[in-house]
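File shown: structure.txt (compact mmCIF, C-alpha atoms).
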# COMPACT_ATOMS: atom_id res chain seq x y z
CA MET E 1 0.00 0.00 0.00
CA GLU E 2 2.89 2.38 0.74
CA HIS E 3 4.11 1.81 -2.85
CA LEU E 4 0.66 2.65 -4.15
CA LEU E 5 0.83 5.98 -2.33
CA ARG E 6 3.87 6.70 -4.50
CA ARG E 7 1.82 6.05 -7.66
CA ASP E 8 3.57 2.75 -8.37
CA VAL E 9 1.69 1.03 -11.21
CA GLY E 10 3.34 -2.31 -10.41
CA ALA E 11 2.14 -2.13 -6.81
CA PHE E 12 -1.38 -1.35 -8.00
CA GLU E 13 -1.34 -4.33 -10.38
CA GLU E 14 -0.14 -6.58 -7.55
CA LEU E 15 -2.97 -5.36 -5.28
CA TYR E 16 -5.45 -6.01 -8.08
CA GLU E 17 -4.12 -9.52 -8.67
CA ARG E 18 -4.29 -10.30 -4.97
CA HIS E 19 -7.72 -8.91 -4.16
CA SER E 20 -9.78 -8.57 -7.36
CA ARG E 21 -11.27 -12.05 -7.07
CA ILE E 22 -12.86 -11.59 -3.64
CA VAL E 23 -13.92 -8.03 -4.49
CA TYR E 24 -15.55 -9.19 -7.74
CA SER E 25 -17.19 -12.17 -6.01
CA LEU E 26 -18.72 -9.85 -3.41
CA VAL E 27 -19.93 -7.26 -5.92
CA LEU E 28 -21.32 -9.94 -8.26
CA ARG E 29 -23.20 -11.54 -5.36
CA ILE E 30 -24.81 -8.19 -4.58
CA LEU E 31 -25.58 -7.06 -8.14
CA ARG E 32 -26.09 -10.47 -9.81
CA GLN E 33 -25.08 -9.19 -13.23
CA GLY E 34 -21.57 -9.76 -14.49
CA ALA E 35 -21.31 -6.65 -16.66
CA THR E 36 -22.57 -4.26 -13.97
CA ALA E 37 -20.41 -5.96 -11.35
CA GLU E 38 -17.31 -5.41 -13.48
CA GLU E 39 -18.17 -1.72 -13.85
CA VAL E 40 -18.42 -1.34 -10.08
CA VAL E 41 -15.18 -3.26 -9.48
CA GLN E 42 -13.45 -1.03 -12.00
CA ASP E 43 -14.75 2.07 -10.17
CA VAL E 44 -13.57 0.71 -6.83
CA PHE E 45 -10.03 0.02 -8.01
CA LEU E 46 -9.83 3.32 -9.89
CA GLN E 47 -10.93 5.11 -6.74
CA LEU E 48 -8.21 3.24 -4.88
CA TRP E 49 -5.64 4.37 -7.46
CA ARG E 50 -6.78 7.99 -7.65
CA ASN E 51 -7.46 8.61 -3.98
CA SER E 52 -4.87 6.40 -2.32
CA ALA E 53 -3.44 9.45 -0.56
CA HIS E 54 -6.56 9.51 1.63
CA TYR E 55 -6.05 5.96 2.85
CA ASP E 56 -4.72 5.51 6.38
CA VAL E 57 -2.00 2.86 6.05
CA SER E 58 -2.34 1.92 9.72
CA ARG E 59 -5.77 0.43 8.99
CA PRO E 60 -6.23 -3.17 7.77
CA PHE E 61 -6.42 -2.95 3.99
CA LEU E 62 -8.61 -5.79 2.76
CA PRO E 63 -11.55 -5.25 5.18
CA TRP E 64 -11.47 -1.61 4.19
CA LEU E 65 -11.45 -2.47 0.49
CA LEU E 66 -14.33 -4.94 0.92
CA THR E 67 -16.36 -2.33 2.81
CA LEU E 68 -15.75 0.19 0.04
CA ALA E 69 -16.78 -2.36 -2.63
CA ARG E 70 -19.90 -3.37 -0.70
CA ASN E 71 -20.98 0.26 -0.24
CA ARG E 72 -20.52 0.95 -3.96
CA ALA E 73 -22.41 -2.19 -4.98
CA LEU E 74 -25.29 -1.48 -2.61
CA ASP E 75 -25.49 2.10 -3.91
CA GLN E 76 -25.76 0.69 -7.42
CA LEU E 77 -28.37 -1.83 -6.30
CA ARG E 78 -30.46 0.88 -4.66
CA LEU E 79 -30.23 3.11 -7.72
CA LYS E 80 -31.52 0.28 -9.82
CA GLY E 81 -34.17 -1.07 -7.51
CA GLU E 82 -35.59 2.01 -5.84
CA ARG E 83 -34.37 5.20 -7.37
CA GLN E 84 -36.50 7.53 -5.31
CA ARG E 85 -35.10 6.30 -2.03
CA ARG E 86 -31.90 8.04 -1.16
CA ARG E 87 -29.39 6.42 1.02
CA GLU E 88 -29.81 8.14 4.36
CA GLU E 89 -26.47 7.18 5.73
CA GLN E 90 -23.69 9.64 5.33
CA THR E 91 -21.81 8.90 2.11
CA GLU E 92 -18.51 7.37 2.96
CA GLU E 93 -15.97 8.05 0.27
CA PHE E 94 -13.49 5.99 2.20
CA PRO E 95 -15.34 3.82 4.67
CA GLN E 96 -14.56 3.65 8.34
CA ILE E 97 -13.17 0.36 9.49
CA ALA E 98 -11.33 -0.79 12.55
CA SER E 99 -8.29 1.33 13.21
CA ALA E 100 -6.33 -1.84 13.81
CA ALA E 101 -7.22 -5.38 12.86
CA PRO E 102 -8.24 -7.55 15.78
CA GLU E 103 -5.44 -9.78 16.98
CA TYR E 104 -7.12 -12.84 15.60
CA GLU E 105 -6.99 -11.48 12.07
CA GLN E 106 -3.29 -12.17 12.04
CA ALA E 107 -3.84 -15.76 13.13
CA LEU E 108 -5.54 -16.91 9.97
CA ASP E 109 -4.51 -16.60 6.40
CA GLU E 110 -7.22 -15.42 4.04
CA LYS E 111 -8.16 -18.83 2.68
CA ARG E 112 -8.56 -20.38 6.10
CA ARG E 113 -10.49 -17.40 7.36
CA ALA E 114 -12.84 -17.62 4.37
CA GLU E 115 -13.49 -21.28 5.10
CA ARG E 116 -14.05 -20.50 8.77
CA VAL E 117 -16.52 -17.73 7.97
CA ARG E 118 -18.49 -20.04 5.64
CA THR E 119 -18.53 -22.81 8.23
CA LEU E 120 -19.63 -20.53 11.06
CA ILE E 121 -22.41 -18.84 9.12
CA GLY E 122 -23.37 -22.12 7.45
CA SER E 123 -23.94 -23.68 10.86
CA LEU E 124 -26.64 -21.13 11.72
CA PRO E 125 -30.32 -22.04 11.24
CA SER E 126 -31.27 -21.32 7.63
CA ALA E 127 -33.66 -18.45 8.45
CA GLN E 128 -31.01 -16.74 10.58
CA LYS E 129 -28.43 -17.17 7.83
CA LYS E 130 -30.92 -15.75 5.32
CA ALA E 131 -31.53 -12.71 7.55
CA ILE E 132 -27.80 -11.98 7.72
CA GLU E 133 -27.44 -12.42 3.96
CA LEU E 134 -30.36 -10.08 3.27
CA ALA E 135 -28.75 -7.44 5.49
CA TYR E 136 -25.26 -7.82 4.07
CA PHE E 137 -25.84 -8.60 0.39
CA GLU E 138 -29.17 -6.84 -0.19
CA GLY E 139 -28.67 -3.93 2.23
CA LEU E 140 -32.10 -4.46 3.79
CA SER E 141 -33.11 -2.98 7.16
CA HIS E 142 -34.50 -4.95 10.09
CA SER E 143 -38.05 -4.02 9.11
CA GLU E 144 -37.54 -4.98 5.49
CA ILE E 145 -36.01 -8.31 6.47
CA ALA E 146 -38.84 -9.03 8.90
CA ALA E 147 -41.37 -8.33 6.14
CA SER E 148 -39.45 -10.40 3.61
CA LEU E 149 -39.10 -13.42 5.90
CA LYS E 150 -42.49 -12.92 7.58
CA GLU E 151 -40.83 -13.09 11.00
CA PRO E 152 -41.25 -10.80 14.05
CA LEU E 153 -39.02 -7.73 14.07
CA GLY E 154 -37.47 -8.64 17.43
CA THR E 155 -36.55 -12.08 16.15
CA VAL E 156 -34.77 -10.63 13.14
CA LYS E 157 -32.81 -8.20 15.35
CA SER E 158 -31.68 -11.05 17.60
CA TRP E 159 -30.74 -13.25 14.65
CA ILE E 160 -28.48 -10.64 13.11
CA ARG E 161 -26.82 -9.55 16.35
CA ASN E 162 -26.29 -13.06 17.68
CA GLY E 163 -25.11 -14.33 14.30
CA LEU E 164 -22.45 -11.64 14.05
CA LEU E 165 -21.37 -12.17 17.65
CA ARG E 166 -21.07 -15.87 16.96
CA LEU E 167 -18.97 -15.16 13.89
CA LYS E 168 -16.72 -12.88 15.91
CA GLU E 169 -16.32 -15.42 18.70
CA GLY E 170 -15.76 -18.23 16.19
CA LEU E 171 -12.93 -16.32 14.56
CA GLN E 172 -11.47 -15.45 17.97
CA ALA E 173 -11.68 -19.05 19.16
CA ILE E 174 -9.18 -20.33 16.62
CA SER E 175 -6.68 -17.55 17.15
CA MET A 1 -30.66 -2.31 31.42
CA SER A 2 -28.49 0.82 31.35
CA THR A 3 -28.48 3.28 28.46
CA ASN A 4 -25.06 2.04 27.43
CA ASP A 5 -26.29 -1.55 27.36
CA GLN A 6 -29.17 -0.51 25.12
CA PHE A 7 -26.81 1.08 22.65
CA ARG A 8 -24.38 -1.82 22.79
CA GLU A 9 -27.17 -4.03 21.47
CA LEU A 10 -27.30 -1.86 18.36
CA ILE A 11 -23.60 -2.01 17.49
CA GLU A 12 -23.63 -5.10 15.24
CA ALA A 13 -26.77 -3.99 13.38
CA TYR A 14 -25.29 -0.51 12.86
CA ALA A 15 -22.09 -2.05 11.50
CA ILE A 16 -23.98 -4.16 8.95
CA GLY A 17 -26.32 -1.27 8.11
CA SER A 18 -29.61 -2.92 9.08
CA LEU A 19 -30.81 -0.46 11.73
CA ASP A 20 -34.02 1.33 10.88
CA ALA A 21 -33.76 5.11 10.56
CA SER A 22 -34.87 6.09 14.08
CA GLU A 23 -32.56 3.63 15.81
CA ARG A 24 -29.68 4.62 13.54
CA ALA A 25 -30.18 8.31 14.36
CA ALA A 26 -30.29 7.58 18.10
CA PHE A 27 -27.15 5.46 17.91
CA GLU A 28 -25.26 8.08 15.91
CA ALA A 29 -26.23 10.72 18.46
CA HIS A 30 -24.88 8.43 21.18
CA LEU A 31 -21.59 8.01 19.28
CA ALA A 32 -21.36 11.75 18.74
CA GLY A 33 -21.68 12.11 22.50
CA GLY A 34 -18.25 10.48 22.80
CA CYS A 35 -18.86 6.94 24.04
CA ASP A 36 -15.39 5.45 23.62
CA ASP A 37 -16.54 1.92 24.49
CA CYS A 38 -19.12 1.92 21.70
CA VAL A 39 -16.67 3.43 19.21
CA LYS A 40 -14.16 0.68 19.94
CA ALA A 41 -16.78 -2.07 19.79
CA LEU A 42 -18.11 -0.64 16.54
CA GLU A 43 -14.68 -0.75 14.93
CA GLU A 44 -14.41 -4.43 15.73
CA ALA A 45 -17.98 -5.12 14.58
CA ARG A 46 -17.21 -3.46 11.24
CA TRP A 47 -14.25 -5.77 10.81
CA THR A 48 -16.45 -8.79 11.58
CA VAL A 49 -19.07 -7.62 9.07
CA SER A 50 -16.42 -7.23 6.36
CA GLN A 51 -15.63 -10.94 6.76
CA LEU A 52 -19.12 -11.80 5.44
CA ALA A 53 -17.75 -11.08 1.97
CA TYR A 54 -16.36 -14.61 2.05
CA LEU A 55 -19.92 -15.95 1.86
CA ALA A 56 -20.08 -14.76 -1.76
CA PRO A 57 -19.62 -17.59 -4.26
CA ASN A 58 -16.15 -17.50 -5.79
CA ALA A 59 -16.13 -15.78 -9.15
CA GLU A 60 -13.39 -14.60 -11.47
CA PRO A 61 -13.43 -11.17 -13.13
CA SER A 62 -12.69 -11.17 -16.86
CA ASP A 63 -9.25 -10.47 -18.26
CA MET A 64 -10.84 -7.58 -20.15
CA LEU A 65 -11.60 -5.83 -16.86
CA LYS A 66 -7.98 -5.95 -15.82
CA GLY A 67 -6.96 -4.79 -19.30
CA ARG A 68 -9.23 -1.77 -19.18
CA LEU A 69 -8.21 -0.89 -15.65
CA MET A 70 -4.47 -1.15 -16.22
CA GLN A 71 -4.75 0.83 -19.45
CA THR A 72 -6.38 3.70 -17.53
CA VAL A 73 -3.94 3.50 -14.63
CA ARG A 74 -0.87 3.42 -16.89
CA ALA A 75 -2.19 6.37 -18.90
CA GLU A 76 -2.80 8.39 -15.73
CA ALA A 77 0.58 7.48 -14.30
CA ALA A 78 2.30 8.44 -17.56
CA SER A 79 0.54 11.78 -17.78
CA GLY A 80 1.41 12.55 -14.18
CA ALA A 81 -2.23 12.79 -13.22
CA LYS A 82 -2.73 13.94 -9.69
CA SER A 83 -4.32 11.82 -7.03
CA GLU A 84 -7.40 13.95 -7.06
CA SER A 85 -9.66 13.67 -10.07
CA PRO A 86 -10.34 16.75 -12.20
CA VAL A 87 -13.81 16.88 -10.73
CA ARG A 88 -12.39 17.36 -7.26
CA LYS A 89 -10.11 20.11 -8.48
CA THR A 90 -12.96 22.06 -9.94
CA ALA A 91 -15.55 21.11 -7.38
CA VAL A 92 -14.68 23.95 -5.00
CA PRO A 93 -15.84 27.43 -6.02
CA TRP A 94 -13.04 29.97 -6.47
CA TRP A 95 -14.45 32.27 -3.81
CA LEU A 96 -14.05 29.61 -1.18
CA TRP A 97 -10.35 29.37 -1.98
CA ALA A 98 -10.20 33.16 -1.90
CA GLY A 99 -11.75 33.06 1.55
CA VAL A 100 -9.11 30.63 2.73
CA ALA A 101 -6.38 32.86 1.30
CA ALA A 102 -7.74 35.83 3.18
CA LEU A 103 -7.90 33.78 6.33
CA LEU A 104 -4.28 32.80 5.80
CA ILE A 105 -3.18 36.45 5.87
CA PHE A 106 -4.91 37.07 9.15
CA SER A 107 -3.79 33.81 10.68
CA VAL A 108 -0.15 34.83 10.83
CA LEU A 109 -1.13 37.54 13.28
CA SER A 110 -1.84 35.17 16.09
CA ALA A 111 -1.69 31.52 17.09
CA ARG A 112 -5.42 31.56 17.65
CA ASN A 113 -6.02 32.35 14.04
CA GLU A 114 -3.92 29.40 12.99
CA GLN A 115 -6.39 27.06 14.63
CA ARG A 116 -9.24 28.77 12.81
CA LEU A 117 -7.40 28.33 9.54
CA ARG A 118 -6.95 24.63 10.11
CA GLN A 119 -10.65 24.30 10.77
CA ALA A 120 -11.52 26.27 7.64
CA VAL A 121 -9.28 24.07 5.50
CA ALA A 122 -10.76 20.94 7.03
CA ASP A 123 -14.26 22.25 6.34
CA LEU A 124 -13.26 23.07 2.80
CA GLN A 125 -11.83 19.62 2.21
CA HIS A 126 -14.94 18.07 3.66
CA GLN A 127 -17.10 20.18 1.40
CA ALA A 128 -15.02 19.17 -1.61
CA GLN A 129 -15.39 15.50 -0.68
CA VAL A 130 -19.14 15.86 -0.28
CA GLN A 131 -19.39 17.55 -3.67
CA GLN A 132 -17.23 14.85 -5.23
CA ALA A 133 -19.41 12.15 -3.71
CA GLU A 134 -22.54 13.89 -4.94
CA ARG A 135 -21.04 14.22 -8.42
CA GLU A 136 -20.19 10.53 -8.52
CA ARG A 137 -23.65 9.62 -7.24
CA LEU A 138 -25.27 11.71 -9.96
CA GLU A 139 -23.01 10.18 -12.60
CA ALA A 140 -23.95 6.71 -11.43
CA GLU A 141 -27.61 7.69 -11.46
CA LEU A 142 -27.26 9.10 -14.96
CA GLY A 143 -25.61 5.88 -16.14
CA GLU A 144 -28.43 3.88 -14.62
CA ALA A 145 -31.03 6.16 -16.21
CA LYS A 146 -29.38 5.65 -19.60
CA THR A 147 -29.50 1.90 -19.11
CA GLN A 148 -33.16 2.04 -18.15
CA ALA A 149 -33.95 4.27 -21.13
CA HIS A 150 -32.10 1.83 -23.38
CA GLU A 151 -34.10 -1.07 -21.95
CA ALA A 152 -37.35 0.89 -22.38
CA MET A 153 -36.52 1.51 -26.05
CA ILE A 154 -35.94 -2.18 -26.61
CA TRP A 155 -39.23 -3.09 -24.94
CA SER A 156 -41.25 -0.47 -26.84
CA ASP A 157 -39.66 -0.33 -30.31
CA PRO A 158 -41.90 -1.88 -33.02
CA ASN A 159 -38.84 -3.50 -34.60
CA SER A 160 -38.21 -5.54 -31.45
CA VAL A 161 -39.21 -9.20 -31.47
CA LYS A 162 -40.86 -10.68 -28.38
CA ILE A 163 -39.71 -14.12 -27.30
CA MET A 164 -41.50 -16.13 -24.60
CA LEU A 165 -39.22 -18.46 -22.66
CA ARG A 166 -41.22 -21.43 -21.45
CA PRO A 167 -40.07 -23.36 -18.39
CA LYS A 168 -39.16 -27.01 -18.51
CA ASP A 169 -40.73 -27.38 -15.08
CA PRO A 170 -44.42 -26.35 -15.30
CA LYS A 171 -44.27 -25.04 -11.72
CA MET A 172 -41.73 -22.43 -12.76
CA PRO A 173 -42.81 -19.03 -14.14
CA GLN A 174 -42.66 -18.14 -17.81
CA LEU A 175 -40.01 -15.53 -18.74
CA GLU A 176 -40.08 -13.01 -21.55
CA ALA A 177 -37.43 -11.49 -23.76
CA MET A 178 -37.41 -8.68 -26.31
CA TRP A 179 -34.76 -8.55 -29.02
CA HIS A 180 -34.09 -5.52 -31.19
CA PRO A 181 -31.74 -6.17 -34.12
CA GLU A 182 -29.67 -3.08 -33.29
CA LEU A 183 -30.44 -2.03 -29.71
CA GLY A 184 -29.87 -5.38 -28.03
CA LEU A 185 -31.62 -8.05 -26.04
CA CYS A 186 -33.55 -7.83 -22.74
CA VAL A 187 -34.82 -10.67 -20.58
CA ARG A 188 -37.02 -10.33 -17.51
CA GLY A 189 -38.97 -12.49 -15.11
CA TRP A 190 -40.86 -12.55 -11.85
CA LYS A 191 -41.15 -15.08 -9.03
CA VAL A 192 -38.06 -16.87 -10.25
CA PRO A 193 -36.55 -19.08 -7.54
CA SER A 194 -33.01 -18.21 -6.49
CA PRO A 195 -30.38 -20.55 -7.98
CA GLY A 196 -28.60 -22.86 -5.57
CA ASP A 197 -25.54 -21.91 -3.55
CA LYS A 198 -22.66 -20.75 -5.74
CA ARG A 199 -24.93 -20.92 -8.81
CA MET A 200 -26.38 -18.33 -11.14
CA LEU A 201 -28.55 -18.14 -14.26
CA GLN A 202 -26.95 -17.80 -17.71
CA LEU A 203 -28.47 -16.94 -21.08
CA TRP A 204 -27.50 -18.92 -24.21
CA LEU A 205 -28.10 -18.21 -27.89
CA ILE A 206 -28.76 -21.41 -29.87
CA PRO A 207 -27.51 -21.00 -33.47
CA LYS A 208 -29.68 -22.00 -36.43
CA ALA A 209 -26.69 -23.65 -38.03
CA GLY A 210 -26.63 -26.20 -35.23
CA GLY A 211 -23.31 -25.17 -33.72
CA LYS A 212 -22.49 -24.85 -30.03
CA PRO A 213 -24.68 -22.57 -27.88
CA MET A 214 -23.19 -19.09 -27.60
CA PRO A 215 -22.73 -17.95 -23.95
CA SER A 216 -24.24 -14.60 -22.99
CA MET A 217 -24.99 -12.68 -19.78
CA THR A 218 -25.23 -14.10 -16.28
CA PHE A 219 -27.65 -12.86 -13.63
CA TRP A 220 -29.51 -13.56 -10.39
CA PRO A 221 -33.10 -12.82 -9.41
CA ASP A 222 -33.43 -10.56 -6.37
CA ALA A 223 -34.98 -11.53 -3.03
CA THR A 224 -38.49 -11.29 -4.53
CA GLY A 225 -37.56 -13.41 -7.57
CA THR A 226 -37.54 -10.45 -9.97
CA PHE A 227 -34.81 -9.78 -12.51
CA THR A 228 -34.23 -7.62 -15.58
CA ALA A 229 -31.10 -8.21 -17.62
CA MET A 230 -29.89 -6.57 -20.83
CA VAL A 231 -27.09 -7.27 -23.26
CA GLU A 232 -26.44 -4.52 -25.81
CA ASN A 233 -24.31 -6.61 -28.14
CA PRO A 234 -25.48 -10.24 -28.17
CA PRO A 235 -22.76 -12.67 -29.30
CA GLN A 236 -24.63 -13.44 -32.51
CA ALA A 237 -27.32 -11.82 -34.69
CA MET A 238 -31.02 -12.52 -34.27
CA SER A 239 -31.24 -13.80 -37.85
CA GLU A 240 -28.67 -16.49 -37.00
CA THR A 241 -30.36 -17.53 -33.77
CA GLN A 242 -32.85 -20.35 -33.53
CA ALA A 243 -33.69 -20.05 -29.83
CA LEU A 244 -32.77 -18.58 -26.45
CA ALA A 245 -32.15 -20.83 -23.47
CA ILE A 246 -31.40 -20.23 -19.79
CA THR A 247 -29.48 -22.69 -17.64
CA GLU A 248 -28.21 -22.74 -14.09
CA GLU A 249 -24.41 -22.49 -14.03
CA PRO A 250 -21.61 -22.14 -11.50
CA ALA A 251 -21.03 -18.57 -10.27
CA GLY A 252 -19.10 -16.62 -12.88
CA GLY A 253 -20.81 -18.40 -15.78
CA SER A 254 -19.65 -21.16 -18.15
CA ALA A 255 -18.20 -21.30 -21.64
CA GLN A 256 -20.52 -24.23 -22.45
CA PRO A 257 -23.78 -25.22 -20.72
CA THR A 258 -23.23 -27.63 -17.83
CA SER A 259 -26.92 -28.31 -17.16
CA THR A 260 -30.17 -28.85 -19.01
CA PRO A 261 -31.96 -25.62 -20.02
CA MET A 262 -34.57 -24.52 -17.48
CA TRP A 263 -36.23 -22.15 -19.99
CA VAL A 264 -36.26 -22.19 -23.80
CA GLY A 265 -37.83 -19.73 -26.23
CA ARG A 266 -37.89 -19.99 -30.01
CA VAL A 267 -36.81 -16.87 -31.94
CA SER A 268 -39.41 -16.32 -34.64

As a first step, turn the structure in this file into structure tokens.
Amino acid sequence: MEHLLRRDVGAFEELYERHSRIVYSLVLRILRQGATAEEVVQDVFLQLWRNSAHYDVSRPFLPWLLTLARNRALDQLRLKGERQRRREEQTEEFPQIASAAPEYEQALDEKRRAERVRTLIGSLPSAQKKAIELAYFEGLSHSEIAASLKEPLGTVKSWIRNGLLRLKEGLQAIS
Amino acid sequence: MSTNDQFRELIEAYAIGSLDASERAAFEAHLAGGCDDCVKALEEARWTVSQLAYLAPNAEPSDMLKGRLMQTVRAEAASGAKSESPVRKTAVPWWLWAGVAALLIFSVLSARNEQRLRQAVADLQHQAQVQQAERERLEAELGEAKTQAHEAMIWSDPNSVKIMLRPKDPKMPQLEAMWHPELGLCVRGWKVPSPGDKRMLQLWLIPKAGGKPMPSMTFWPDATGTFTAMVENPPQAMSETQALAITEEPAGGSAQPTSTPMWVGRVS
């Protein structure tokens, strides 16, 4: 990342090679259309290249990049699906993410962590897993998820909170 | 339950973005009040949420994407383009910069003024970022509007040919497509079940000549089973196409169909 700050094209290409697959997978999962997903991924990496000076190198890079990509993809999804509704959250050009990665992030390489995340979320009851996926990949609110799944609002809130806490604890447990 | 406990219960939902508006506003007010515990817990929750990206089925971006991206980056690097885009450079009105310059003159008079200057510059930068974000949002909206207008033209133009895609399974809904010889091809459907894990739907063009099916766009229905997909330049002409077919394929699509078509529609 420090090389990227110095406008090093080789460093940018290396970052793209290393992270484009997970970024594209995430954006494609949200947008469901290959061509639109590629446009968003291109925007994300160009933003990274053009605005790298604004990035705080003390922050963990990949979570930050994934948050940026998710925000962009959800913006695109909302534009397409419900143009009149404006995103009420403050626009985050460069998203906030933990100022330092939790200690357990260092304990797992990316592949193992990915497998662990899939196992932990996959072990949740299917409705709870669906609620988390609707929140993360569709950007739905508690109320929207409750309506979509025809479940009580309080249940949906508990599912999402407890699911994320379980994921956090599961990742901590193997550190 | 203390007030802090109540807000702590909102941290994970705030991090994933699922809080409804009133709860989100209350939580943000609490954060603005300077609750260090919540700020720290929120940072960690955001990291946890970012890990959900690994639930997305693995998919590979095309080589063309990398080609386009690297071409742009190399061109910008060669021309010595600045970090900030031209939009950002022009996004701030000249009089604001003039105001900052005037403030600079006064600031040298006292240390107090220096602090005011810093604040003014920070405000200015923030304003520039907000304007840049708004510009990008409007550009994205314009692009989306163009796409929707393009789709509307295909659906309404008298030269377009309507194609009904009938399901192999009678319990599945019928889909419809509209193909204009110059504007492109649109497909849409409702109440379409979501493909299985790590799977997606893919459109195929079946040639009249009897050759291999030509792969086209990939897509997913949304949570309600609705989808609209458009390809401006189908891989072969309508006159050469006998039928359209849709199969379920691994995420990222396939070069050749790996499953039996779920929908088929003859091109008349």

Define the interface residues of chain A facing chain E as those within 7 Å, counting all atoms listed in the file, and report them as a PyMOL selection string.
chain A and resi 12-13+16-20+43-44+46-48+50-61+65+69+74+77+83-85+133+141+144+217-220

Provide the atom CA of A:Val39 to atom CA of E:Leu77 distance in Å, to one decimal place.
28.6 Å

List the spatial neighbours of stretch 224-239 of chain A as a PyMOL selection string - criterion: any atom at most 9 Å away, only C-alpha atoms, same-chain residues fewer than 3 positions off excluded.
(chain E and resi 33+35+148) or (chain A and resi 147+150-151+179-194+205+207-208+214-221+242+267)

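Near A:Lys168, within 12 Å and counting all atoms listed in the file, sit Pro173, Gln174, Leu175, Ala245, Ile246, Thr247, Thr260, Pro261, Met262, Trp263, Val264 and Gly265 of chain A; same-chain residues fewer than 5 positions away were not included.
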
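The interatomic distance for the pair atom CA of A:Glu136 and atom CA of A:Ala98 works out to 25.6 Å.
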
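For the pair atom CA of A:Ala209 and atom CA of A:Ala255, the interatomic distance is 18.6 Å.
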
Test item: residues at most 8 Å from stretch 22-29 of chain A, only C-alpha atoms, excluding those fewer than 5 positions along its chain, as a list in words
Phe7, Leu10 and Tyr14 of chain A

Output stretch 58-69 of chain E with N, CA and C atoms present, as a short mmCIF file (atom, residue, chain, number, x, y, z; two decimals), keeping the file's coordinate frame.
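Okay, this is what ended up in out_31.cif:
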data_model
loop_
_atom_site.label_atom_id
_atom_site.label_comp_id
_atom_site.auth_asym_id
_atom_site.auth_seq_id
_atom_site.Cartn_x
_atom_site.Cartn_y
_atom_site.Cartn_z
N SER E 58 -2.35 2.68 8.46
CA SER E 58 -2.34 1.92 9.72
C SER E 58 -3.59 1.03 9.83
N ARG E 59 -4.54 1.22 8.94
CA ARG E 59 -5.77 0.43 8.99
C ARG E 59 -5.61 -0.84 8.16
N PRO E 60 -6.31 -1.93 8.55
CA PRO E 60 -6.23 -3.17 7.77
C PRO E 60 -6.82 -2.94 6.37
N PHE E 61 -6.06 -3.35 5.36
CA PHE E 61 -6.42 -2.95 3.99
C PHE E 61 -7.61 -3.70 3.42
N LEU E 62 -7.57 -5.04 3.46
CA LEU E 62 -8.61 -5.79 2.76
C LEU E 62 -10.02 -5.55 3.34
N PRO E 63 -10.21 -5.56 4.67
CA PRO E 63 -11.55 -5.25 5.18
C PRO E 63 -12.04 -3.88 4.71
N TRP E 64 -11.11 -2.94 4.66
CA TRP E 64 -11.47 -1.61 4.19
C TRP E 64 -11.90 -1.64 2.73
N LEU E 65 -11.14 -2.38 1.91
CA LEU E 65 -11.45 -2.47 0.49
C LEU E 65 -12.80 -3.17 0.27
N LEU E 66 -13.06 -4.21 1.05
CA LEU E 66 -14.33 -4.94 0.92
C LEU E 66 -15.51 -4.06 1.35
N THR E 67 -15.29 -3.24 2.37
CA THR E 67 -16.36 -2.33 2.81
C THR E 67 -16.64 -1.30 1.73
N LEU E 68 -15.59 -0.77 1.13
CA LEU E 68 -15.75 0.19 0.04
C LEU E 68 -16.53 -0.44 -1.12
N ALA E 69 -16.13 -1.67 -1.50
CA ALA E 69 -16.78 -2.36 -2.63
C ALA E 69 -18.25 -2.65 -2.30
#
